[in-house]
$ cat protein-v5.cif   # mmCIF, C-alpha atoms, pLDDT in the B column; chains and numbers go by the auth columns
data_my_file
loop_
_atom_site.group_PDB
_atom_site.id
_atom_site.type_symbol
_atom_site.label_atom_id
_atom_site.label_comp_id
_atom_site.label_asym_id
_atom_site.label_seq_id
_atom_site.Cartn_x
_atom_site.Cartn_y
_atom_site.Cartn_z
_atom_site.B_iso_or_equiv
_atom_site.auth_seq_id
_atom_site.auth_asym_id
ATOM 1 C CA MET A 1 -1.913 3.602 -34.798 45.00 1 A
ATOM 2 C CA GLU A 2 0.135 0.382 -35.037 47.00 2 A
ATOM 3 C CA LYS A 3 3.166 1.920 -33.366 50.00 3 A
ATOM 4 C CA HIS A 4 1.167 2.338 -30.120 53.00 4 A
ATOM 5 C CA ARG A 5 0.141 -1.335 -30.017 52.00 5 A
ATOM 6 C CA PHE A 6 3.460 -2.642 -28.613 51.00 6 A
ATOM 7 C CA PRO A 7 3.632 -0.366 -25.536 56.00 7 A
ATOM 8 C CA SER A 8 -0.055 -0.960 -24.795 70.00 8 A
ATOM 9 C CA LEU A 9 0.600 -4.720 -24.655 80.00 9 A
ATOM 10 C CA LEU A 10 3.956 -4.486 -22.885 86.00 10 A
ATOM 11 C CA ILE A 11 2.768 -3.077 -19.552 87.00 11 A
ATOM 12 C CA PRO A 12 -0.131 -5.544 -19.087 90.00 12 A
ATOM 13 C CA SER A 13 2.254 -8.358 -20.037 91.00 13 A
ATOM 14 C CA ILE A 14 4.742 -7.238 -17.386 93.00 14 A
ATOM 15 C CA ILE A 15 1.935 -6.999 -14.812 93.00 15 A
ATOM 16 C CA ALA A 16 0.683 -10.485 -15.726 95.00 16 A
ATOM 17 C CA PHE A 17 4.214 -11.926 -15.591 96.00 17 A
ATOM 18 C CA LEU A 18 4.901 -10.422 -12.166 96.00 18 A
ATOM 19 C CA GLY A 19 1.522 -11.665 -10.949 95.00 19 A
ATOM 20 C CA LEU A 20 2.254 -15.191 -12.142 96.00 20 A
ATOM 21 C CA MET A 21 5.670 -15.003 -10.484 97.00 21 A
ATOM 22 C CA ALA A 22 4.075 -13.933 -7.187 96.00 22 A
ATOM 23 C CA PHE A 23 1.515 -16.742 -7.519 97.00 23 A
ATOM 24 C CA GLY A 24 4.225 -19.348 -8.163 96.00 24 A
ATOM 25 C CA LEU A 25 6.376 -18.051 -5.331 96.00 25 A
ATOM 26 C CA CYS A 26 3.414 -18.282 -2.921 95.00 26 A
ATOM 27 C CA VAL A 27 2.739 -21.878 -3.934 95.00 27 A
ATOM 28 C CA ALA A 28 6.434 -22.734 -3.552 95.00 28 A
ATOM 29 C CA ALA A 29 6.492 -21.046 -0.121 92.00 29 A
ATOM 30 C CA GLU A 30 3.596 -23.286 0.962 91.00 30 A
ATOM 31 C CA PHE A 31 5.829 -26.326 0.440 92.00 31 A
ATOM 32 C CA LYS A 32 8.915 -24.732 2.033 88.00 32 A
ATOM 33 C CA ARG A 33 7.257 -23.264 5.135 85.00 33 A
ATOM 34 C CA SER A 34 8.241 -24.323 8.652 81.00 34 A
ATOM 35 C CA LYS A 35 6.321 -27.230 10.141 81.00 35 A
ATOM 36 C CA LYS A 36 5.583 -28.179 13.762 78.00 36 A
ATOM 37 C CA LYS A 37 8.289 -30.848 13.620 81.00 37 A
ATOM 38 C CA ASP A 38 10.881 -28.092 12.926 77.00 38 A
ATOM 39 C CA VAL A 39 10.275 -26.416 16.308 75.00 39 A
ATOM 40 C CA LYS A 40 12.944 -27.285 18.889 79.00 40 A
ATOM 41 C CA LEU A 41 11.981 -27.074 22.548 76.00 41 A
ATOM 42 C CA ASN A 42 14.294 -26.516 25.495 75.00 42 A
ATOM 43 C CA GLY A 43 11.983 -26.588 28.486 72.00 43 A
ATOM 44 C CA LYS A 44 9.614 -23.674 27.906 72.00 44 A
ATOM 45 C CA LEU A 45 11.919 -22.045 25.377 73.00 45 A
ATOM 46 C CA CYS A 46 11.562 -22.707 21.680 75.00 46 A
ATOM 47 C CA TYR A 47 13.689 -22.272 18.568 76.00 47 A
ATOM 48 C CA LEU A 48 12.689 -22.315 14.921 76.00 48 A
ATOM 49 C CA ALA A 49 15.233 -22.106 12.103 79.00 49 A
ATOM 50 C CA GLU A 50 14.587 -19.881 9.110 79.00 50 A
ATOM 51 C CA SER A 51 12.867 -21.716 6.290 80.00 51 A
ATOM 52 C CA GLY A 52 13.045 -21.240 2.535 86.00 52 A
ATOM 53 C CA ALA A 53 9.543 -19.803 2.668 87.00 53 A
ATOM 54 C CA PHE A 54 10.964 -16.570 4.060 89.00 54 A
ATOM 55 C CA GLN A 55 12.910 -15.726 0.878 92.00 55 A
ATOM 56 C CA LEU A 56 10.101 -16.966 -1.360 94.00 56 A
ATOM 57 C CA GLY A 57 7.563 -14.875 0.551 93.00 57 A
ATOM 58 C CA VAL A 58 9.693 -11.740 0.324 94.00 58 A
ATOM 59 C CA ALA A 59 10.131 -12.261 -3.438 96.00 59 A
ATOM 60 C CA ALA A 60 6.360 -12.801 -3.847 96.00 60 A
ATOM 61 C CA LEU A 61 5.639 -9.615 -1.903 96.00 61 A
ATOM 62 C CA ILE A 62 8.032 -7.635 -4.095 96.00 62 A
ATOM 63 C CA CYS A 63 6.545 -9.025 -7.335 96.00 63 A
ATOM 64 C CA LEU A 64 2.987 -8.329 -6.185 96.00 64 A
ATOM 65 C CA PHE A 65 3.852 -4.830 -4.989 95.00 65 A
ATOM 66 C CA ILE A 66 5.587 -3.859 -8.260 96.00 66 A
ATOM 67 C CA ALA A 67 2.796 -5.340 -10.410 95.00 67 A
ATOM 68 C CA HIS A 68 0.052 -3.591 -8.465 95.00 68 A
ATOM 69 C CA ILE A 69 1.775 -0.200 -8.365 94.00 69 A
ATOM 70 C CA LEU A 70 2.642 -0.423 -12.084 93.00 70 A
ATOM 71 C CA GLY A 71 -0.970 -1.253 -12.939 91.00 71 A
ATOM 72 C CA ASN A 72 -2.292 1.593 -10.812 90.00 72 A
ATOM 73 C CA MET A 73 0.128 4.044 -12.405 90.00 73 A
ATOM 74 C CA VAL A 74 -1.185 3.080 -15.849 87.00 74 A
ATOM 75 C CA ILE A 75 -4.797 3.377 -14.678 84.00 75 A
ATOM 76 C CA CYS A 76 -4.218 6.773 -13.067 84.00 76 A
ATOM 77 C CA ARG A 77 -2.382 8.085 -16.114 83.00 77 A
ATOM 78 C CA ARG A 78 -5.182 6.988 -18.419 79.00 78 A
ATOM 79 C CA ILE A 79 -7.951 8.319 -16.199 76.00 79 A
ATOM 80 C CA CYS A 80 -6.235 11.663 -15.568 77.00 80 A
ATOM 81 C CA SER A 81 -5.482 12.205 -19.259 73.00 81 A
ATOM 82 C CA GLY A 82 -9.011 11.165 -20.323 60.00 82 A
ATOM 83 C CA GLU A 83 -11.867 13.285 -21.540 50.00 83 A
ATOM 84 C CA LYS A 84 -13.537 15.550 -19.031 48.00 84 A
ATOM 85 C CA SER A 85 -17.302 15.548 -18.760 44.00 85 A
ATOM 86 C CA SER A 86 -19.377 18.725 -18.765 42.00 86 A
ATOM 87 C CA SER A 87 -19.092 18.875 -14.954 44.00 87 A
ATOM 88 C CA GLY A 88 -15.277 18.986 -15.237 44.00 88 A
ATOM 89 C CA LYS A 89 -14.727 15.516 -13.766 47.00 89 A
ATOM 90 C CA ALA A 90 -13.035 12.684 -15.619 45.00 90 A
ATOM 91 C CA LYS A 91 -15.357 9.992 -16.965 51.00 91 A
ATOM 92 C CA THR A 92 -14.663 6.661 -15.246 57.00 92 A
ATOM 93 C CA PRO A 93 -16.933 3.685 -15.891 75.00 93 A
ATOM 94 C CA TRP A 94 -18.312 2.026 -12.762 80.00 94 A
ATOM 95 C CA ILE A 95 -16.826 -1.323 -13.819 83.00 95 A
ATOM 96 C CA THR A 96 -13.326 0.168 -13.847 82.00 96 A
ATOM 97 C CA SER A 97 -13.866 1.728 -10.428 83.00 97 A
ATOM 98 C CA THR A 98 -15.248 -1.530 -9.011 89.00 98 A
ATOM 99 C CA LEU A 99 -12.302 -3.525 -10.350 90.00 99 A
ATOM 100 C CA LEU A 100 -9.922 -0.958 -8.896 89.00 100 A
ATOM 101 C CA VAL A 101 -11.548 -1.195 -5.448 91.00 101 A
ATOM 102 C CA VAL A 102 -11.478 -5.013 -5.594 94.00 102 A
ATOM 103 C CA SER A 103 -7.802 -4.924 -6.569 93.00 103 A
ATOM 104 C CA TRP A 104 -6.895 -2.663 -3.648 94.00 104 A
ATOM 105 C CA ILE A 105 -8.860 -4.694 -1.099 96.00 105 A
ATOM 106 C CA SER A 106 -7.418 -8.013 -2.272 95.00 106 A
ATOM 107 C CA PHE A 107 -3.950 -6.418 -2.456 96.00 107 A
ATOM 108 C CA GLY A 108 -4.216 -5.251 1.165 95.00 108 A
ATOM 109 C CA VAL A 109 -5.416 -8.612 2.444 96.00 109 A
ATOM 110 C CA ALA A 110 -2.756 -10.460 0.417 95.00 110 A
ATOM 111 C CA LEU A 111 -0.019 -8.184 1.788 95.00 111 A
ATOM 112 C CA ILE A 112 -1.149 -8.760 5.368 94.00 112 A
ATOM 113 C CA LEU A 113 -1.484 -12.520 4.903 94.00 113 A
ATOM 114 C CA MET A 114 1.790 -12.956 3.033 93.00 114 A
ATOM 115 C CA GLY A 115 3.709 -10.522 5.208 91.00 115 A
ATOM 116 C CA THR A 116 2.607 -12.229 8.419 90.00 116 A
ATOM 117 C CA ALA A 117 3.254 -15.719 7.098 89.00 117 A
ATOM 118 C CA THR A 118 6.634 -14.685 5.719 88.00 118 A
ATOM 119 C CA SER A 119 7.733 -13.083 8.977 84.00 119 A
ATOM 120 C CA MET A 120 6.697 -16.237 10.854 81.00 120 A
ATOM 121 C CA ASN A 121 9.070 -18.249 8.648 81.00 121 A
ATOM 122 C CA ARG A 122 12.011 -16.127 9.667 78.00 122 A
ATOM 123 C CA ARG A 123 14.372 -17.464 12.315 75.00 123 A
ATOM 124 C CA GLN A 124 12.795 -17.527 15.779 72.00 124 A
ATOM 125 C CA PRO A 125 15.632 -17.755 18.355 70.00 125 A
ATOM 126 C CA TYR A 126 15.370 -18.987 21.936 70.00 126 A
ATOM 127 C CA THR A 127 13.694 -16.454 24.304 65.00 127 A
ATOM 128 C CA ARG A 128 12.572 -14.292 21.383 67.00 128 A
ATOM 129 C CA GLY A 129 10.265 -16.433 19.280 59.00 129 A
ATOM 130 C CA TRP A 130 7.931 -14.693 16.880 63.00 130 A
ATOM 131 C CA LEU A 131 5.575 -13.036 19.348 62.00 131 A
ATOM 132 C CA ASP A 132 5.888 -12.795 23.146 67.00 132 A
ATOM 133 C CA GLY A 133 8.819 -15.223 23.157 66.00 133 A
ATOM 134 C CA LYS A 134 6.698 -18.018 21.685 70.00 134 A
ATOM 135 C CA CYS A 135 7.349 -19.835 18.421 70.00 135 A
ATOM 136 C CA TYR A 136 4.621 -19.943 15.813 75.00 136 A
ATOM 137 C CA VAL A 137 4.308 -21.830 12.541 80.00 137 A
ATOM 138 C CA VAL A 138 2.189 -20.946 9.533 80.00 138 A
ATOM 139 C CA LYS A 139 -0.951 -23.055 9.140 87.00 139 A
ATOM 140 C CA ASP A 140 -1.588 -25.163 6.060 89.00 140 A
ATOM 141 C CA GLY A 141 -3.052 -23.218 3.160 91.00 141 A
ATOM 142 C CA VAL A 142 -2.067 -19.683 4.185 92.00 142 A
ATOM 143 C CA TYR A 143 0.306 -19.246 1.258 91.00 143 A
ATOM 144 C CA VAL A 144 -2.179 -20.901 -1.111 94.00 144 A
ATOM 145 C CA GLY A 145 -4.822 -18.452 0.098 94.00 145 A
ATOM 146 C CA SER A 146 -2.337 -15.661 -0.568 95.00 146 A
ATOM 147 C CA ALA A 147 -1.765 -17.047 -4.068 95.00 147 A
ATOM 148 C CA VAL A 148 -5.515 -16.901 -4.744 96.00 148 A
ATOM 149 C CA LEU A 149 -5.595 -13.303 -3.511 96.00 149 A
ATOM 150 C CA VAL A 150 -2.615 -12.507 -5.746 96.00 150 A
ATOM 151 C CA MET A 151 -4.551 -13.782 -8.760 97.00 151 A
ATOM 152 C CA LEU A 152 -7.629 -11.772 -7.736 96.00 152 A
ATOM 153 C CA THR A 153 -5.482 -8.657 -7.324 95.00 153 A
ATOM 154 C CA ILE A 154 -3.700 -9.083 -10.654 96.00 154 A
ATOM 155 C CA GLY A 155 -6.892 -10.053 -12.496 95.00 155 A
ATOM 156 C CA SER A 156 -8.837 -7.053 -11.254 93.00 156 A
ATOM 157 C CA THR A 157 -5.887 -4.718 -11.864 92.00 157 A
ATOM 158 C CA LEU A 158 -5.481 -5.996 -15.425 92.00 158 A
ATOM 159 C CA GLY A 159 -9.238 -5.747 -15.948 90.00 159 A
ATOM 160 C CA SER A 160 -9.152 -2.128 -14.856 88.00 160 A
ATOM 161 C CA VAL A 161 -6.123 -1.429 -17.078 87.00 161 A
ATOM 162 C CA ILE A 162 -7.902 -2.979 -20.047 86.00 162 A
ATOM 163 C CA MET A 163 -11.141 -1.096 -19.338 83.00 163 A
ATOM 164 C CA THR A 164 -9.354 2.264 -19.129 82.00 164 A
ATOM 165 C CA GLY A 165 -7.403 1.398 -22.288 74.00 165 A
ATOM 166 C CA ARG A 166 -10.594 0.569 -24.197 60.00 166 A
ATOM 167 C CA LYS A 167 -12.231 3.777 -23.028 49.00 167 A
ATOM 168 C CA SER A 168 -9.341 5.910 -24.254 48.00 168 A
ATOM 169 C CA GLN A 169 -9.159 4.009 -27.581 49.00 169 A
ATOM 170 C CA VAL A 170 -12.910 4.454 -28.155 47.00 170 A
ATOM 171 C CA GLU A 171 -12.711 8.163 -27.309 49.00 171 A
ATOM 172 C CA GLN A 172 -9.686 8.593 -29.588 50.00 172 A
ATOM 173 C CA GLY A 173 -11.545 6.801 -32.398 48.00 173 A
ATOM 174 C CA ARG A 174 -14.545 9.099 -31.923 50.00 174 A
ATOM 175 C CA ARG A 175 -12.313 12.184 -32.107 52.00 175 A
ATOM 176 C CA ILE A 176 -10.634 10.954 -35.298 51.00 176 A
ATOM 177 C CA HIS A 177 -14.005 10.021 -36.799 47.00 177 A
ATOM 178 C CA ALA A 178 -15.457 13.431 -35.867 50.00 178 A
ATOM 179 C CA GLN A 179 -12.466 15.247 -37.414 54.00 179 A
ATOM 180 C CA GLN A 180 -12.816 13.321 -40.681 56.00 180 A
ATOM 181 C CA HIS A 181 -16.488 14.276 -41.062 55.00 181 A
ATOM 182 C CA LYS A 182 -15.912 18.035 -40.563 56.00 182 A
#

$ encode --input "protein-v5.cif" --output "structure tokens"
Amino acid sequence: MEKHRFPSLLIPSIIAFLGLMAFGLCVAAEFKRSKKKDVKLNGKLCYLAESGAFQLGVAALICLFIAHILGNMVICRRICSGEKSSSGKAKTPWITSTLLVVSWISFGVALILMGTATSMNRRQPYTRGWLDGKCYVVKDGVYVGSAVLVMLTIGSTLGSVIMTGRKSQVEQGRRIHAQQHK
């Protein structure tokens, strides 16, 4: 029983670490993002140099993506290998399902928010801009909002991982207990 403790703590630790990295990278990107003063105008044409927020945003997206996919792989593995009910369907507590839905919704919104903000911090050359030849800058707080969504995503994913882990440990304990009393 003790030999399984290390792997069961390793994956949630990796997910939490990647989530904290994504959070920190989002906060750092907020400080490095392009500002209005960085936009150079040449008549109606504009130019915006690439900011450090672009690299930070890409790194945050990668960390969040890996953490969320890793967490969902663990959840799916645990649910699919779990006990089947009399109807033939796997037993999944409603709390686990709710946390999983919350994690996917917050993950989707965070990806859209971070992806858009990150692409806006990429170089915007004259006549091209970001959209329709116009230069755009990210508003204050977009990356901080993304950081909050990252924490919501990671928290709900870890909650779901923990809930599925508890369910399988309880079921395993019941099976062992039932075998000892036979």

$ resolve_selection --input "protein-v5.cif" --expression "the PyMOL selection byres ((chain A and resi 38-46) around 7)" --output "PDB file with C-alpha atoms, in the coordinates of the input"
ATOM      1  CA  SER A  34       8.241 -24.323   8.652  1.00 81.00           C
ATOM      2  CA  LYS A  35       6.321 -27.230  10.141  1.00 81.00           C
ATOM      3  CA  LYS A  36       5.583 -28.179  13.762  1.00 78.00           C
ATOM      4  CA  LYS A  37       8.289 -30.848  13.620  1.00 81.00           C
ATOM      5  CA  TYR A  47      13.689 -22.272  18.568  1.00 76.00           C
ATOM      6  CA  LEU A  48      12.689 -22.315  14.921  1.00 76.00           C
ATOM      7  CA  TYR A 126      15.370 -18.987  21.936  1.00 70.00           C
ATOM      8  CA  THR A 127      13.694 -16.454  24.304  1.00 65.00           C
ATOM      9  CA  GLY A 129      10.265 -16.433  19.280  1.00 59.00           C
ATOM     10  CA  LYS A 134       6.698 -18.018  21.685  1.00 70.00           C
ATOM     11  CA  CYS A 135       7.349 -19.835  18.421  1.00 70.00           C
TER      12      CYS A 135
END

$ closest_residue --input "protein-v5.cif" --among "A:Gln55, A:Ser146, A:Ser8, A:Thr157" --to "Ala110 in chain A" --atoms "only C-alpha atoms"
A:Ser146

$ residues_around --input "protein-v5.cif" --residues "range 60-69 of chain A" --least-positions-apart "5" --cutoff "8 Å" --atoms "all atoms listed in the file" --output "PyMOL selection string"
chain A and resi 14-16+18-19+21-23+25-26+107+111+114-115+150+153-154+157

$ atom_distance --input "protein-v5.cif" --atom1 "CA of Ala59 in chain A" --atom2 "CA of Ile162 in chain A"
26.2 Å

$ closest_residue --input "protein-v5.cif" --among "A:Met163, A:Ile11, A:Ala29, A:Leu113" --to "Met73 in chain A" --atoms "only C-alpha atoms"
A:Ile11

$ resolve_selection --input "protein-v5.cif" --expression "the PyMOL selection byres ((chain A and resi 117-120) around 6)" --output "ChimeraX atom specification"
/A:54,57,114-116,121-122,138

$ atom_distance --input "protein-v5.cif" --atom1 "CA of Leu10 in chain A" --atom2 "CA of Leu158 in chain A"
12.1 Å

$ atom_distance --input "protein-v5.cif" --atom1 "CA of Val109 in chain A" --atom2 "CA of Leu152 in chain A"
10.9 Å

$ closest_residue --input "protein-v5.cif" --among "A:Ile79, A:Val142, A:Leu70, A:Ala28" --to "Leu56 in chain A" --atoms "only C-alpha atoms"
A:Ala28

$ closest_residue --input "protein-v5.cif" --among "A:Cys76, A:Leu20, A:Gly165, A:Val137" --to "Leu149 in chain A" --atoms "all atoms listed in the file"
A:Leu20

$ closest_residue --input "protein-v5.cif" --among "A:Thr96, A:Lys139, A:Pro125, A:Val101" --to "Ile75 in chain A" --atoms "all atoms listed in the file"
A:Thr96

$ axis_aligned_box --input "protein-v5.cif" --around "range 17-21 of chain A" --padding-each-side "8 Å" --output "AutoDock Vina command-line options"
--center_x 3.6 --center_y -12.8 --center_z -13.0 --size_x 20.1 --size_y 20.8 --size_z 21.1

$ build_atoms --input "protein-v5.cif" --residues "range 134-145 of chain A" --atoms "N, CA and C atoms" --output "short mmCIF file (atom, residue, chain, number, x, y, z; two decimals), in the frame of the given file"
data_model
loop_
_atom_site.label_atom_id
_atom_site.label_comp_id
_atom_site.auth_asym_id
_atom_site.auth_seq_id
_atom_site.Cartn_x
_atom_site.Cartn_y
_atom_site.Cartn_z
N LYS A 134 7.23 -16.72 22.08
CA LYS A 134 6.70 -18.02 21.68
C LYS A 134 6.93 -18.22 20.20
N CYS A 135 7.15 -19.49 19.83
CA CYS A 135 7.35 -19.84 18.42
C CYS A 135 6.00 -20.16 17.77
N TYR A 136 5.84 -19.69 16.57
CA TYR A 136 4.62 -19.94 15.81
C TYR A 136 4.99 -20.49 14.44
N VAL A 137 4.14 -21.34 13.90
CA VAL A 137 4.31 -21.83 12.54
C VAL A 137 3.07 -21.45 11.73
N VAL A 138 3.27 -21.31 10.44
CA VAL A 138 2.19 -20.95 9.53
C VAL A 138 1.30 -22.16 9.30
N LYS A 139 0.00 -21.96 9.37
CA LYS A 139 -0.95 -23.06 9.14
C LYS A 139 -0.98 -23.44 7.67
N ASP A 140 -1.44 -24.67 7.43
CA ASP A 140 -1.59 -25.16 6.06
C ASP A 140 -2.53 -24.25 5.28
N GLY A 141 -2.17 -23.95 4.05
CA GLY A 141 -3.05 -23.22 3.16
C GLY A 141 -2.96 -21.71 3.20
N VAL A 142 -2.16 -21.14 4.10
CA VAL A 142 -2.07 -19.68 4.18
C VAL A 142 -1.43 -19.12 2.92
N TYR A 143 -0.34 -19.73 2.48
CA TYR A 143 0.31 -19.25 1.26
C TYR A 143 -0.55 -19.53 0.02
N VAL A 144 -1.29 -20.62 0.02
CA VAL A 144 -2.18 -20.90 -1.11
C VAL A 144 -3.30 -19.87 -1.14
N GLY A 145 -3.82 -19.52 0.03
CA GLY A 145 -4.82 -18.45 0.10
C GLY A 145 -4.25 -17.13 -0.40
#
